[in-house]
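Asks: Please find work_18.txt (compact mmCIF, C-alpha atoms and all ligand atoms) on the next line:
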```txt
# COMPACT_ATOMS: atom_id res chain seq x y z
CA MET N 96 1.32 -21.06 -27.02
CA MET N 97 1.44 -17.34 -27.77
CA ARG N 98 4.88 -15.85 -27.22
CA LEU N 99 6.54 -12.50 -26.53
CA ILE N 100 10.04 -12.44 -27.97
CA LEU N 101 12.37 -9.99 -26.24
CA LYS N 102 14.96 -7.73 -27.83
CA PRO N 103 18.58 -8.88 -27.46
CA GLY N 104 19.85 -8.33 -23.90
CA ARG N 105 16.40 -7.57 -22.52
CA GLU N 106 16.20 -10.93 -20.73
CA LYS N 107 18.64 -9.69 -18.06
CA SER N 108 16.04 -8.53 -15.56
CA LEU N 109 14.07 -11.75 -16.09
CA LYS N 110 17.19 -13.75 -15.26
CA ARG N 111 17.27 -11.89 -11.95
CA ARG N 112 13.63 -12.94 -11.61
CA HIS N 113 12.21 -9.47 -11.83
CA PRO N 114 8.55 -10.12 -12.76
CA TRP N 115 7.84 -7.16 -15.09
CA ILE N 116 8.35 -7.06 -18.86
CA PHE N 117 8.25 -3.50 -20.19
CA SER N 118 6.84 -2.71 -23.64
CA GLY N 119 10.18 -1.29 -24.81
CA GLY N 120 11.92 -4.64 -24.30
CA ILE N 121 9.69 -6.62 -26.62
CA ALA N 122 10.85 -7.33 -30.19
CA ARG N 123 7.76 -9.14 -31.47
CA ILE N 124 4.61 -10.95 -30.47
CA GLU N 125 3.66 -14.37 -31.84
CA GLY N 126 -0.07 -15.04 -31.94
CA LYS N 127 -2.77 -12.58 -30.96
CA PRO N 128 -2.86 -12.47 -27.16
CA GLN N 129 -5.78 -10.60 -25.61
CA LEU N 130 -5.92 -8.70 -22.33
CA GLY N 131 -4.81 -11.01 -19.53
CA ASP N 132 -3.97 -14.00 -21.71
CA THR N 133 -1.11 -16.25 -20.68
CA VAL N 134 1.96 -15.89 -22.90
CA GLU N 135 5.44 -17.39 -22.92
CA ILE N 136 8.31 -14.94 -22.64
CA CYS N 137 11.37 -15.87 -24.73
CA SER N 138 14.79 -14.27 -25.08
CA ALA N 139 15.87 -12.94 -28.49
CA ASP N 140 17.40 -16.31 -29.36
CA GLY N 141 14.18 -18.13 -28.51
CA VAL N 142 15.02 -19.50 -25.04
CA PHE N 143 12.01 -19.87 -22.73
CA MET N 144 12.17 -17.47 -19.76
CA ALA N 145 8.77 -17.39 -18.05
CA VAL N 146 4.99 -17.62 -18.37
CA ALA N 147 3.28 -14.28 -17.91
CA ALA N 148 0.00 -12.38 -18.22
CA TYR N 149 -0.25 -10.12 -21.25
CA SER N 150 -1.35 -6.54 -20.71
CA PRO N 151 -1.67 -4.70 -24.05
CA GLU N 152 -2.40 -1.25 -22.58
CA SER N 153 0.16 -0.99 -19.82
CA GLN N 154 3.81 0.01 -20.08
CA ILE N 155 4.34 -3.11 -18.02
CA ARG N 156 3.32 -5.24 -20.98
CA ALA N 157 3.48 -8.57 -19.14
CA ARG N 158 3.77 -9.77 -15.54
CA VAL N 159 5.34 -13.10 -14.72
CA TRP N 160 3.21 -15.84 -13.19
CA ASP N 161 6.01 -18.41 -13.08
CA TRP N 162 9.61 -19.00 -14.16
CA LYS N 163 8.79 -22.57 -15.13
CA ALA N 164 6.52 -23.60 -18.01
CA VAL N 165 3.60 -24.47 -15.70
CA ASN N 166 -0.09 -24.43 -16.58
CA ILE N 167 -1.81 -21.25 -15.52
CA ASP N 168 -5.23 -22.46 -14.43
CA ALA N 169 -7.56 -22.44 -11.42
CA ASP N 170 -5.32 -24.90 -9.55
CA PHE N 171 -2.36 -22.56 -9.96
CA PHE N 172 -4.24 -19.77 -8.17
CA ALA N 173 -5.65 -22.09 -5.51
CA LEU N 174 -2.11 -23.20 -4.64
CA ARG N 175 -0.53 -19.73 -4.70
CA ILE N 176 -3.29 -18.29 -2.53
CA ALA N 177 -3.25 -21.19 -0.07
CA ARG N 178 0.53 -20.76 0.26
CA ALA N 179 0.25 -17.03 0.81
CA ALA N 180 -2.32 -17.71 3.55
CA VAL N 181 -0.09 -20.33 5.21
CA ARG N 182 2.75 -17.81 5.32
CA ARG N 183 0.45 -15.61 7.44
CA SER N 184 -0.59 -18.34 9.84
CA ASP N 185 1.12 -16.52 12.74
CA PHE N 186 -0.99 -13.41 12.16
CA ASP N 187 -4.33 -12.63 13.73
CA VAL N 188 -6.96 -13.17 11.02
CA SER N 189 -8.86 -10.23 12.51
CA GLY N 190 -6.81 -8.01 10.21
CA VAL N 191 -4.10 -9.38 7.94
CA ARG N 192 -2.86 -8.91 4.40
CA LEU N 193 -3.24 -12.35 2.86
CA VAL N 194 -1.90 -11.70 -0.62
CA HIS N 195 0.61 -8.99 -1.45
CA GLY N 196 0.88 -8.99 -5.24
CA GLU N 197 4.21 -9.73 -6.87
CA SER N 198 5.84 -10.57 -3.53
CA ASP N 199 3.44 -13.51 -3.15
CA GLY N 200 3.88 -14.56 -6.78
CA LEU N 201 0.53 -13.03 -7.75
CA PRO N 202 1.11 -9.78 -9.68
CA GLY N 203 -1.85 -7.45 -9.42
CA VAL N 204 -3.61 -9.40 -6.67
CA VAL N 205 -4.04 -7.81 -3.25
CA ALA N 206 -6.21 -9.39 -0.57
CA ASP N 207 -6.81 -8.29 3.01
CA ARG N 208 -8.64 -10.44 5.51
CA PHE N 209 -10.84 -8.87 8.19
CA GLY N 210 -12.25 -11.74 10.25
CA ASP N 211 -14.43 -13.87 7.97
CA THR N 212 -14.36 -11.28 5.17
CA VAL N 213 -11.72 -11.08 2.46
CA VAL N 214 -11.44 -7.85 0.47
CA VAL N 215 -9.65 -8.36 -2.83
CA GLN N 216 -8.25 -5.97 -5.42
CA LEU N 217 -7.63 -7.24 -8.95
CA LEU N 218 -5.27 -4.62 -10.33
CA SER N 219 -3.69 -6.12 -13.45
CA ALA N 220 -4.93 -7.60 -16.70
CA GLY N 221 -3.83 -11.06 -15.58
CA ALA N 222 -5.57 -10.77 -12.23
CA GLU N 223 -8.74 -9.64 -14.03
CA ARG N 224 -8.56 -12.58 -16.45
CA TRP N 225 -8.50 -15.02 -13.52
CA ARG N 226 -10.99 -13.23 -11.24
CA GLY N 227 -13.23 -16.31 -10.90
CA ALA N 228 -10.42 -18.64 -9.90
CA ILE N 229 -8.95 -16.07 -7.50
CA ALA N 230 -12.33 -15.43 -5.86
CA ASP N 231 -12.96 -19.18 -5.51
CA ALA N 232 -9.53 -19.75 -3.97
CA LEU N 233 -10.00 -16.95 -1.42
CA ALA N 234 -13.53 -18.12 -0.56
CA ALA N 235 -12.17 -21.65 0.01
CA LEU N 236 -9.77 -20.55 2.78
CA PRO N 237 -10.76 -21.87 6.23
CA GLY N 238 -13.05 -19.46 8.08
CA VAL N 239 -13.76 -17.19 5.12
CA THR N 240 -17.47 -16.60 4.46
CA ARG N 241 -17.40 -13.82 1.91
CA VAL N 242 -15.15 -12.18 -0.67
CA VAL N 243 -15.71 -8.52 -1.48
CA GLU N 244 -14.08 -6.90 -4.50
CA ARG N 245 -12.59 -3.40 -4.37
CA SER N 246 -10.96 -3.12 -7.78
CA ASP N 247 -11.62 0.61 -7.91
CA ALA N 248 -8.01 1.78 -7.64
CA ASP N 249 -6.63 4.19 -10.26
CA VAL N 250 -3.92 1.76 -11.34
CA ARG N 251 -6.60 -0.34 -13.06
CA MET N 252 -6.82 2.42 -15.68
CA LEU N 253 -3.18 1.90 -16.65
CA GLU N 254 -4.13 -1.69 -17.44
CA GLY N 255 -7.13 -0.62 -19.52
CA LEU N 256 -9.58 -1.97 -16.94
CA PRO N 257 -12.70 -0.21 -15.63
CA PRO N 258 -13.23 0.09 -11.87
CA GLN N 259 -15.25 -2.71 -10.35
CA SER N 260 -16.46 -3.49 -6.85
CA GLY N 261 -19.06 -5.54 -5.04
CA LEU N 262 -19.69 -8.88 -3.41
CA LEU N 263 -17.83 -11.68 -5.28
CA ARG N 264 -18.58 -14.72 -3.12
CA GLY N 265 -20.83 -15.44 -0.14
CA VAL N 266 -23.57 -13.24 1.32
CA ALA N 267 -23.31 -9.67 2.57
CA ALA N 268 -22.30 -9.23 6.22
CA GLN N 269 -25.10 -8.55 8.70
CA GLU N 270 -22.84 -7.07 11.37
CA PRO N 271 -20.42 -4.17 10.84
CA LEU N 272 -16.83 -5.34 10.38
CA VAL N 273 -14.54 -4.65 13.31
CA VAL N 274 -10.85 -5.52 13.51
CA THR N 275 -8.66 -5.58 16.57
CA GLU N 276 -5.12 -4.34 16.15
CA HIS N 277 -2.73 -4.35 19.10
CA GLY N 278 -5.73 -4.23 21.42
CA LEU N 279 -7.54 -1.33 19.70
CA GLN N 280 -10.73 -1.86 17.73
CA TYR N 281 -11.49 -0.27 14.37
CA GLY N 282 -14.74 -0.38 12.44
CA ILE N 283 -14.17 -1.09 8.77
CA ASP N 284 -16.25 -0.04 5.81
CA ALA N 285 -15.07 -2.57 3.24
CA GLU N 286 -17.46 -1.28 0.58
CA HIS N 287 -16.68 2.44 0.75
CA GLY N 288 -13.46 2.86 2.75
CA HIS N 289 -10.11 3.58 1.12
CA LYS N 290 -8.32 0.74 -0.66
CA THR N 291 -9.60 -2.41 1.03
CA GLY N 292 -11.09 -0.36 3.90
CA PHE N 293 -8.13 -0.26 6.26
CA TYR N 294 -4.39 0.38 6.08
CA LEU N 295 -2.95 -2.77 7.62
CA ASP N 296 0.56 -1.84 6.51
CA GLN N 297 0.98 0.73 9.32
CA ARG N 298 0.03 -1.75 12.08
CA ASP N 299 3.42 -1.91 13.80
CA ASN N 300 4.32 1.71 13.21
CA ARG N 301 1.12 2.77 14.94
CA LEU N 302 2.12 0.66 17.95
CA MET N 303 5.57 2.23 17.89
CA LEU N 304 4.00 5.67 18.10
CA ARG N 305 1.95 4.54 21.10
CA GLY N 306 5.17 3.85 22.96
CA MET N 307 6.73 7.28 22.47
CA VAL N 308 4.03 9.86 23.15
CA LYS N 309 3.46 9.88 26.92
CA ASP N 310 2.64 13.46 27.96
CA LYS N 311 3.45 14.75 24.46
CA ALA N 312 1.43 16.97 22.13
CA VAL N 313 0.84 14.89 18.99
CA LEU N 314 -0.28 15.93 15.50
CA ASP N 315 -1.55 13.17 13.16
CA CYS N 316 -1.70 14.43 9.57
CA PHE N 317 -3.78 12.42 7.07
CA CYS N 318 -5.37 10.47 9.94
CA TYR N 319 -7.98 8.51 7.90
CA CYS N 320 -9.96 6.42 10.43
CA GLY N 321 -7.65 7.46 13.24
CA GLY N 322 -4.93 4.80 13.29
CA PHE N 323 -2.04 6.90 14.59
CA ALA N 324 -4.20 9.33 16.59
CA LEU N 325 -5.91 6.49 18.47
CA ASN N 326 -2.56 5.01 19.37
CA ALA N 327 -1.35 8.41 20.56
CA LEU N 328 -4.41 8.66 22.82
CA ALA N 329 -3.85 5.12 24.06
CA GLY N 330 -0.21 5.95 24.75
CA GLY N 331 -1.06 8.82 27.09
CA ALA N 332 -0.41 11.81 24.85
CA SER N 333 -1.23 15.10 26.59
CA ALA N 334 -3.08 16.38 23.50
CA VAL N 335 -3.86 14.88 20.09
CA THR N 336 -4.80 16.78 16.95
CA ALA N 337 -5.75 14.80 13.85
CA ILE N 338 -6.34 16.18 10.36
CA ASP N 339 -7.98 14.65 7.30
CA SER N 340 -9.78 16.20 4.35
CA SER N 341 -12.39 13.44 4.28
CA GLY N 342 -15.42 14.00 6.48
CA SER N 343 -16.40 10.32 6.42
CA ALA N 344 -12.88 9.31 7.49
CA LEU N 345 -13.12 11.67 10.46
CA THR N 346 -16.55 10.36 11.41
CA ALA N 347 -15.10 6.84 11.38
CA ALA N 348 -12.10 8.02 13.41
CA GLN N 349 -14.28 9.57 16.09
CA ALA N 350 -16.43 6.45 16.22
CA ASN N 351 -13.25 4.41 16.68
CA ALA N 352 -12.08 6.67 19.50
CA GLN N 353 -15.41 6.14 21.24
CA ARG N 354 -15.40 2.41 20.58
CA ASN N 355 -12.14 2.22 22.51
CA GLN N 356 -13.22 4.69 25.21
CA LEU N 357 -10.24 6.91 24.53
CA PRO N 358 -9.93 10.49 25.75
CA ALA N 359 -11.04 13.41 23.58
CA ALA N 360 -8.97 14.62 20.66
CA GLU N 361 -9.16 17.54 18.24
CA TRP N 362 -10.47 16.17 14.92
CA ILE N 363 -10.00 18.61 12.05
CA GLU N 364 -11.61 18.26 8.64
CA ALA N 365 -9.24 20.24 6.46
CA ASP N 366 -6.47 20.20 3.91
CA VAL N 367 -3.14 19.31 5.54
CA PHE N 368 -1.07 21.59 3.31
CA GLN N 369 -3.14 24.63 4.30
CA THR N 370 -3.56 23.69 7.94
CA LEU N 371 0.17 23.20 8.52
CA ARG N 372 0.74 26.70 7.15
CA LYS N 373 -1.94 28.05 9.44
CA TYR N 374 -0.28 26.42 12.46
CA ARG N 375 3.10 27.75 11.37
CA ASP N 376 1.78 31.31 11.07
CA ALA N 377 0.08 30.99 14.46
CA GLY N 378 3.28 29.67 16.06
CA ARG N 379 1.65 26.41 17.13
CA LYS N 380 4.08 23.63 18.15
CA PHE N 381 3.95 19.86 18.69
CA ASP N 382 6.25 17.25 20.20
CA VAL N 383 5.43 14.47 17.76
CA ILE N 384 4.11 14.87 14.21
CA VAL N 385 2.97 12.02 11.95
CA LEU N 386 2.84 12.60 8.19
CA ASP N 387 1.18 9.67 6.40
CA PRO N 388 -0.06 11.18 3.14
CA PRO N 389 -1.77 9.33 0.28
CA LYS N 390 0.23 8.10 -2.69
CA PHE N 391 1.54 11.24 -4.40
CA ALA N 392 3.42 9.23 -7.06
CA PRO N 393 1.68 6.05 -8.21
CA THR N 394 4.40 5.51 -10.81
CA ALA N 395 7.94 6.80 -11.39
CA ALA N 396 6.55 9.28 -13.94
CA HIS N 397 4.98 11.30 -11.11
CA ALA N 398 8.11 11.30 -8.92
CA GLU N 399 9.07 14.94 -9.45
CA LYS N 400 5.71 16.43 -8.63
CA ALA N 401 5.43 14.07 -5.67
CA ALA N 402 8.87 15.11 -4.43
CA ARG N 403 7.70 18.73 -4.21
CA ALA N 404 4.62 17.74 -2.22
CA TYR N 405 6.64 15.58 0.20
CA LYS N 406 9.20 18.33 0.63
CA ASP N 407 6.48 20.86 1.34
CA ILE N 408 4.77 19.00 4.18
CA ASN N 409 8.02 17.75 5.70
CA LEU N 410 9.53 21.23 5.66
CA ILE N 411 6.61 22.74 7.56
CA GLY N 412 6.38 19.64 9.74
CA PHE N 413 9.96 20.19 10.92
CA LYS N 414 9.17 23.83 11.66
CA LEU N 415 6.22 22.92 13.86
CA LEU N 416 8.30 20.72 16.18
CA ASN N 417 9.38 21.70 19.66
CA PRO N 418 13.09 21.22 20.41
CA GLY N 419 13.70 17.46 20.79
CA GLY N 420 10.50 16.76 18.85
CA VAL N 421 9.99 13.85 16.50
CA LEU N 422 8.76 13.70 12.92
CA MET N 423 7.40 10.32 11.84
CA THR N 424 7.15 10.74 8.10
CA TYR N 425 6.03 8.31 5.38
CA SER N 426 5.78 7.84 1.67
CA CYS N 427 3.66 5.06 0.18
CA SER N 428 4.47 6.08 -3.40
CA GLY N 429 5.79 3.25 -5.52
CA GLY N 430 7.38 5.90 -7.73
CA VAL N 431 9.54 7.32 -4.90
CA SER N 432 12.37 5.04 -3.78
CA PRO N 433 13.47 4.86 -0.11
CA ASP N 434 16.68 6.58 -1.14
CA LEU N 435 14.90 9.44 -2.88
CA PHE N 436 12.51 9.83 0.04
CA GLN N 437 15.38 10.19 2.49
CA LYS N 438 16.96 12.84 0.24
CA ILE N 439 13.67 14.75 0.11
CA VAL N 440 13.32 14.71 3.89
CA ALA N 441 16.96 15.78 4.29
CA GLY N 442 16.31 18.70 1.95
CA ALA N 443 13.21 19.63 3.92
CA ALA N 444 15.15 19.71 7.22
CA LEU N 445 17.86 21.81 5.63
CA ASP N 446 15.40 24.36 4.27
CA ALA N 447 13.48 24.38 7.55
CA GLY N 448 16.74 25.31 9.26
CA VAL N 449 16.56 22.41 11.72
CA ASP N 450 19.28 20.02 12.75
CA ALA N 451 17.68 16.57 12.55
CA ARG N 452 18.83 12.97 12.71
CA ILE N 453 17.23 9.69 11.69
CA GLU N 454 16.44 7.42 14.61
CA GLY N 455 14.58 4.79 12.63
CA TRP N 456 13.80 3.48 9.16
CA LEU N 457 10.21 2.34 9.10
CA HIS N 458 8.49 -0.17 6.84
CA ALA N 459 5.23 -1.96 6.20
CA ALA N 460 4.36 -4.80 8.57
CA ALA N 461 5.60 -8.34 7.87
CA ASP N 462 2.37 -9.46 6.19
CA HIS N 463 3.37 -7.04 3.39
CA PRO N 464 6.61 -8.83 2.44
CA VAL N 465 9.01 -7.62 -0.24
CA ALA N 466 10.31 -10.35 -2.57
CA LEU N 467 14.08 -9.92 -2.86
CA ASN N 468 13.79 -9.95 -6.65
CA PHE N 469 11.14 -7.21 -6.51
CA PRO N 470 12.42 -4.11 -4.65
CA GLU N 471 9.40 -2.15 -5.97
CA GLY N 472 7.41 -4.11 -3.40
CA GLU N 473 8.85 -1.80 -0.76
CA TYR N 474 6.27 0.90 -1.46
CA LEU N 475 5.88 2.10 2.14
CA LYS N 476 8.91 3.71 3.71
CA GLY N 477 9.12 5.95 6.72
CA LEU N 478 11.68 7.89 8.70
CA LEU N 479 11.70 8.69 12.36
CA CYS N 480 13.55 12.00 12.64
CA ARG N 481 14.39 13.85 15.84
CA VAL N 482 15.27 17.53 15.81
N1 LIG N 501 -2.61 7.27 8.60
C1 LIG N 501 -3.77 6.54 8.14
C2 LIG N 501 -3.79 6.33 6.64
C3 LIG N 501 -3.72 7.60 5.82
S1 LIG N 501 -4.35 7.43 4.22
C4 LIG N 501 -3.85 5.20 8.88
O1 LIG N 501 -2.97 4.89 9.70
O2 LIG N 501 -4.81 4.47 8.67
C5 LIG N 501 -4.31 9.04 3.59
C6 LIG N 501 -5.41 9.96 4.07
O3 LIG N 501 -5.12 11.26 3.59
C7 LIG N 501 -6.81 9.65 3.57
O4 LIG N 501 -7.66 9.47 4.67
C8 LIG N 501 -7.25 10.92 2.78
O5 LIG N 501 -8.61 11.25 3.00
C9 LIG N 501 -6.34 11.95 3.33
N2 LIG N 501 -6.01 13.09 2.47
C10 LIG N 501 -5.63 13.07 1.18
N3 LIG N 501 -5.27 14.30 0.76
C11 LIG N 501 -5.40 15.13 1.84
C12 LIG N 501 -5.14 16.51 2.06
N4 LIG N 501 -4.65 17.29 1.10
N5 LIG N 501 -5.37 17.00 3.29
C13 LIG N 501 -5.85 16.21 4.28
N6 LIG N 501 -6.07 14.89 4.13
C14 LIG N 501 -5.86 14.35 2.92
```
Let me see the structure of the file written as structure tokens.
Replies:
Amino acid sequence: MMRLILKPGREKSLKRRHPWIFSGGIARIEGKPQLGDTVEICSADGVFMAVAAYSPESQIRARVWDWKAVNIDADFFALRIARAAVRRSDFDVSGVRLVHGESDGLPGVVADRFGDTVVVQLLSAGAERWRGAIADALAALPGVTRVVERSDADVRMLEGLPPQSGLLRGVAAQEPLVVTEHGLQYGIDAEHGHKTGFYLDQRDNRLMLRGMVKDKAVLDCFCYCGGFALNALAGGASAVTAIDSSGSALTAAQANAQRNQLPAAEWIEADVFQTLRKYRDAGRKFDVIVLDPPKFAPTAAHAEKAARAYKDINLIGFKLLNPGGVLMTYSCSGGVSPDLFQKIVAGAALDAGVDARIEGWLHAAADHPVALNFPEGEYLKGLLCRV
């Protein structure tokens, strides 16, 4: 077996069962592992710690498959994937995250299920190495008729992998995909939509918004296919404005509003940063503002630049609120911790000259679990702030 031998003391995080081995912690490599190969991780004095997937290009040089010396083979993935699916047996298969990477013991593997279609992302060298076994295991789940790949996320580049997407198993769907979430229907474009086509992680937060907007003027920034805006309309908002820079996202959002026979909204194709400034200069105000921007900091290296962007939109967001108004603000950046995000939002309120308090800490839905040994899994964090 090929082995990575750690530098003295660098086994500490592995003992806490953190699944990442950084390049700086490795003393030497025995054998010639290739991209995605299974390697044993050993402490400096040669004690076995874990089996992991080798990733020569990434700073995260290896990701742990298991803490025991088990065989990594097709059966391993079949079992892990079946278990992850069983853990979601209480969820509606209409739209559910089936596999959530490290937190399901499958680093680099993300899979969302929309009815009989599974959309999978293989985002690490190890996941890529086992693509056949992973696709087979997903296709074998009860009720699944096709597996579509969407491994076109930027993080693949950090692993030295080219983007890849297309049908992996089964035949292409004849009917458009539609999911039902808390009674609202959304059409999903699994082939061209963002990520896997839909942001399941905001499911419960969207419902929460629905419950707090009656007769309020709501602004949904970065609306994508309308998730928050649709819930605002369903919740009886007096007016809803939704902004996204993507024309196709807005077309999908309007189609979704129609699909659910919701009242009219103002759909704006524009840059949020510019539009918020325009509203500020025009003195426009809202009662509830949602800020759900894309990932500004994919890794910790981007945290500073991301912090400025978060501060910017939150600062203006606060200024656009009527007295008693609510800002529902999110970060889905892995490189920005919940703690840092709260500091950024606090700084934004201060500079906006508003007195605000947190009424809720918001998270991804329960089908996006966070393994206790992997706090990085908590990528989505939100704050509900009232001024
Ligand atoms: N709130 C959505 C998900 C948002 S995803 C939901 O509940 O489903 C982030 C969105 O931000 C994407 O649709 C993307 O097109 C949009 N976007 C990215 N940069 C933008 C910008 N500068 N201005 C406006 N929209 C932007």
Asks: If you count all atoms listed in the file, which residues end up within 10 Å of ligand LIG 501 (chain N), as JSON, numbers by chain?
Replies: {"N": [281, 288, 289, 290, 292, 293, 294, 295, 296, 297, 298, 300, 301, 315, 316, 317, 318, 319, 320, 321, 322, 323, 324, 325, 326, 337, 338, 339, 340, 341, 342, 343, 344, 345, 348, 363, 364, 365, 366, 367, 368, 369, 370, 371, 385, 386, 387, 388, 389, 390, 391, 404, 425, 427]}
Asks: What is the atom CA of N:Gly477 to atom CA of N:His458 distance in Å?
Replies: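 Rounded to one decimal, the two atoms are 6.2 Å apart.
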Asks: For atom CA of N:Ile411 and atom CA of N:Trp362, determine how far apart the two atoms are, in Å to one decimal place.
Replies: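 Atom-to-atom, atom CA of N:Ile411 and atom CA of N:Trp362 are spaced 19.7 Å apart.
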Asks: Give me the residues within 7 Å of stretch 204-213 of chain N as a list of chain:residue names, counting all atoms listed in the file and dropping any in the same chain fewer than 3 places off.
Replies: N:Val188, N:Ser189, N:Gly190, N:Val191, N:Arg192, N:Leu193, N:Val194, N:His195, N:Gly196, N:Leu201, N:Gln216, N:Leu217, N:Leu218, N:Ala222, N:Gly238, N:Val239, N:Thr240, N:Arg241, N:Val242, N:Val243, N:Val274, N:Thr291
Asks: Need the neighbours of (-13.5, -4.9, 25.2): which residues are at most 9 Å away, counting all atoms listed in the file, as a PyMOL selection string?
Replies: chain N and resi 278-280+354-355
Asks: What lies within 9 Å of N:Phe143 using only C-alpha atoms, ignoring chain neighbours under 4 positions off, as a short mmCIF file (atom, residue, chain, number, x, y, z; two decimals) with C-alpha atoms, in the coordinates of the input?
Replies:
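Printed below is out.cif as written:
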```
data_model
loop_
_atom_site.label_atom_id
_atom_site.label_comp_id
_atom_site.auth_asym_id
_atom_site.auth_seq_id
_atom_site.Cartn_x
_atom_site.Cartn_y
_atom_site.Cartn_z
CA GLU N 135 5.44 -17.39 -22.92
CA ILE N 136 8.31 -14.94 -22.64
CA CYS N 137 11.37 -15.87 -24.73
CA SER N 138 14.79 -14.27 -25.08
CA TRP N 162 9.61 -19.00 -14.16
CA LYS N 163 8.79 -22.57 -15.13
CA ALA N 164 6.52 -23.60 -18.01
#
```
Asks: Have a look at N:Asp299, N:Met423, N:Ala180, N:Val383 and name the one nearest to N:Ala459; count all atoms listed in the file.
Replies: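 Result for the nearest residue to N:Ala459: N:Asp299.
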Asks: What separation in Å, quoted to one decimal, exists between atom CA of N:Ala220 and atom CA of N:Phe469?
Replies: 19.0 Å
Asks: List as an MDAnalysis selection string the protein and nucleic acid residues near N:Gly472, meaning an atom at most 10 Å away when all atoms listed in the file are counted, but skip any in the same chain fewer than 5 places from it.
Replies: chainID N and resid 195:198 429 463:467
Asks: So which residues touch N:Lys406 within 8 Å, counting all atoms listed in the file, skipping near sequence neighbours fewer than 6 positions away, as a PDB file with C-alpha atoms, in the frame of the given file?
Replies:
```
ATOM      1  CA  ILE N 439      13.670  14.750   0.110  1.00  0.00           C
ATOM      2  CA  VAL N 440      13.320  14.710   3.890  1.00  0.00           C
ATOM      3  CA  GLY N 442      16.310  18.700   1.950  1.00  0.00           C
ATOM      4  CA  ALA N 443      13.210  19.630   3.920  1.00  0.00           C
TER       5      ALA N 443
END
```
Asks: The residues within 12 Å of (-5.7, -23.1, -13.5), using only C-alpha atoms and the coordinates of the file, should be reported as a tab-separated table (two decimals) with C-alpha atoms, keeping the file's coordinate frame; which are they?
Replies:
```
chain	number	residue	atom	x	y	z
N	133	THR	CA	-1.11	-16.25	-20.68
N	160	TRP	CA	3.21	-15.84	-13.19
N	165	VAL	CA	3.60	-24.47	-15.70
N	166	ASN	CA	-0.09	-24.43	-16.58
N	167	ILE	CA	-1.81	-21.25	-15.52
N	168	ASP	CA	-5.23	-22.46	-14.43
N	169	ALA	CA	-7.56	-22.44	-11.42
N	170	ASP	CA	-5.32	-24.90	-9.55
N	171	PHE	CA	-2.36	-22.56	-9.96
N	172	PHE	CA	-4.24	-19.77	-8.17
N	173	ALA	CA	-5.65	-22.09	-5.51
N	174	LEU	CA	-2.11	-23.20	-4.64
N	175	ARG	CA	-0.53	-19.73	-4.70
N	224	ARG	CA	-8.56	-12.58	-16.45
N	225	TRP	CA	-8.50	-15.02	-13.52
N	226	ARG	CA	-10.99	-13.23	-11.24
N	227	GLY	CA	-13.23	-16.31	-10.90
N	228	ALA	CA	-10.42	-18.64	-9.90
N	229	ILE	CA	-8.95	-16.07	-7.50
N	231	ASP	CA	-12.96	-19.18	-5.51
N	232	ALA	CA	-9.53	-19.75	-3.97
```
Asks: Looking at N:Ala447, N:Thr275, N:Val308, N:Ala327, which one is nearest to N:Phe186, with distances taken over all atoms listed in the file?
Replies: N:Thr275
Asks: Assuming the input is short of atoms at stretch 199-206 of chain N, produce N, CA, C and O atoms for that part as a PDB file, keeping the file's coordinate frame.
Replies:
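Once written, result_3.pdb looks like this:
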```pdb
ATOM      1  N   ASP N 199       4.017 -12.189  -3.409  1.00  0.00           N
ATOM      2  CA  ASP N 199       3.440 -13.510  -3.150  1.00  0.00           C
ATOM      3  C   ASP N 199       3.274 -14.290  -4.454  1.00  0.00           C
ATOM      4  O   ASP N 199       2.513 -15.260  -4.511  1.00  0.00           O
ATOM      5  N   GLY N 200       3.967 -13.849  -5.502  1.00  0.00           N
ATOM      6  CA  GLY N 200       3.880 -14.560  -6.780  1.00  0.00           C
ATOM      7  C   GLY N 200       2.556 -14.356  -7.494  1.00  0.00           C
ATOM      8  O   GLY N 200       2.188 -15.144  -8.367  1.00  0.00           O
ATOM      9  N   LEU N 201       1.838 -13.294  -7.136  1.00  0.00           N
ATOM     10  CA  LEU N 201       0.530 -13.030  -7.750  1.00  0.00           C
ATOM     11  C   LEU N 201       0.426 -11.558  -8.159  1.00  0.00           C
ATOM     12  O   LEU N 201      -0.265 -10.761  -7.521  1.00  0.00           O
ATOM     13  N   PRO N 202       1.120 -11.180  -9.249  1.00  0.00           N
ATOM     14  CA  PRO N 202       1.110  -9.780  -9.680  1.00  0.00           C
ATOM     15  C   PRO N 202      -0.305  -9.241  -9.840  1.00  0.00           C
ATOM     16  O   PRO N 202      -1.144  -9.882 -10.469  1.00  0.00           O
ATOM     17  N   GLY N 203      -0.553  -8.094  -9.248  1.00  0.00           N
ATOM     18  CA  GLY N 203      -1.850  -7.450  -9.420  1.00  0.00           C
ATOM     19  C   GLY N 203      -2.932  -7.948  -8.475  1.00  0.00           C
ATOM     20  O   GLY N 203      -4.055  -7.471  -8.545  1.00  0.00           O
ATOM     21  N   VAL N 204      -2.602  -8.893  -7.606  1.00  0.00           N
ATOM     22  CA  VAL N 204      -3.610  -9.400  -6.670  1.00  0.00           C
ATOM     23  C   VAL N 204      -3.269  -8.962  -5.251  1.00  0.00           C
ATOM     24  O   VAL N 204      -2.183  -9.249  -4.746  1.00  0.00           O
ATOM     25  N   VAL N 205      -4.192  -8.227  -4.637  1.00  0.00           N
ATOM     26  CA  VAL N 205      -4.040  -7.810  -3.250  1.00  0.00           C
ATOM     27  C   VAL N 205      -5.266  -8.296  -2.499  1.00  0.00           C
ATOM     28  O   VAL N 205      -6.393  -8.130  -2.978  1.00  0.00           O
ATOM     29  N   ALA N 206      -5.052  -8.936  -1.349  1.00  0.00           N
ATOM     30  CA  ALA N 206      -6.210  -9.390  -0.570  1.00  0.00           C
ATOM     31  C   ALA N 206      -5.942  -9.169   0.914  1.00  0.00           C
ATOM     32  O   ALA N 206      -4.899  -9.570   1.432  1.00  0.00           O
TER      33      ALA N 206
END
```
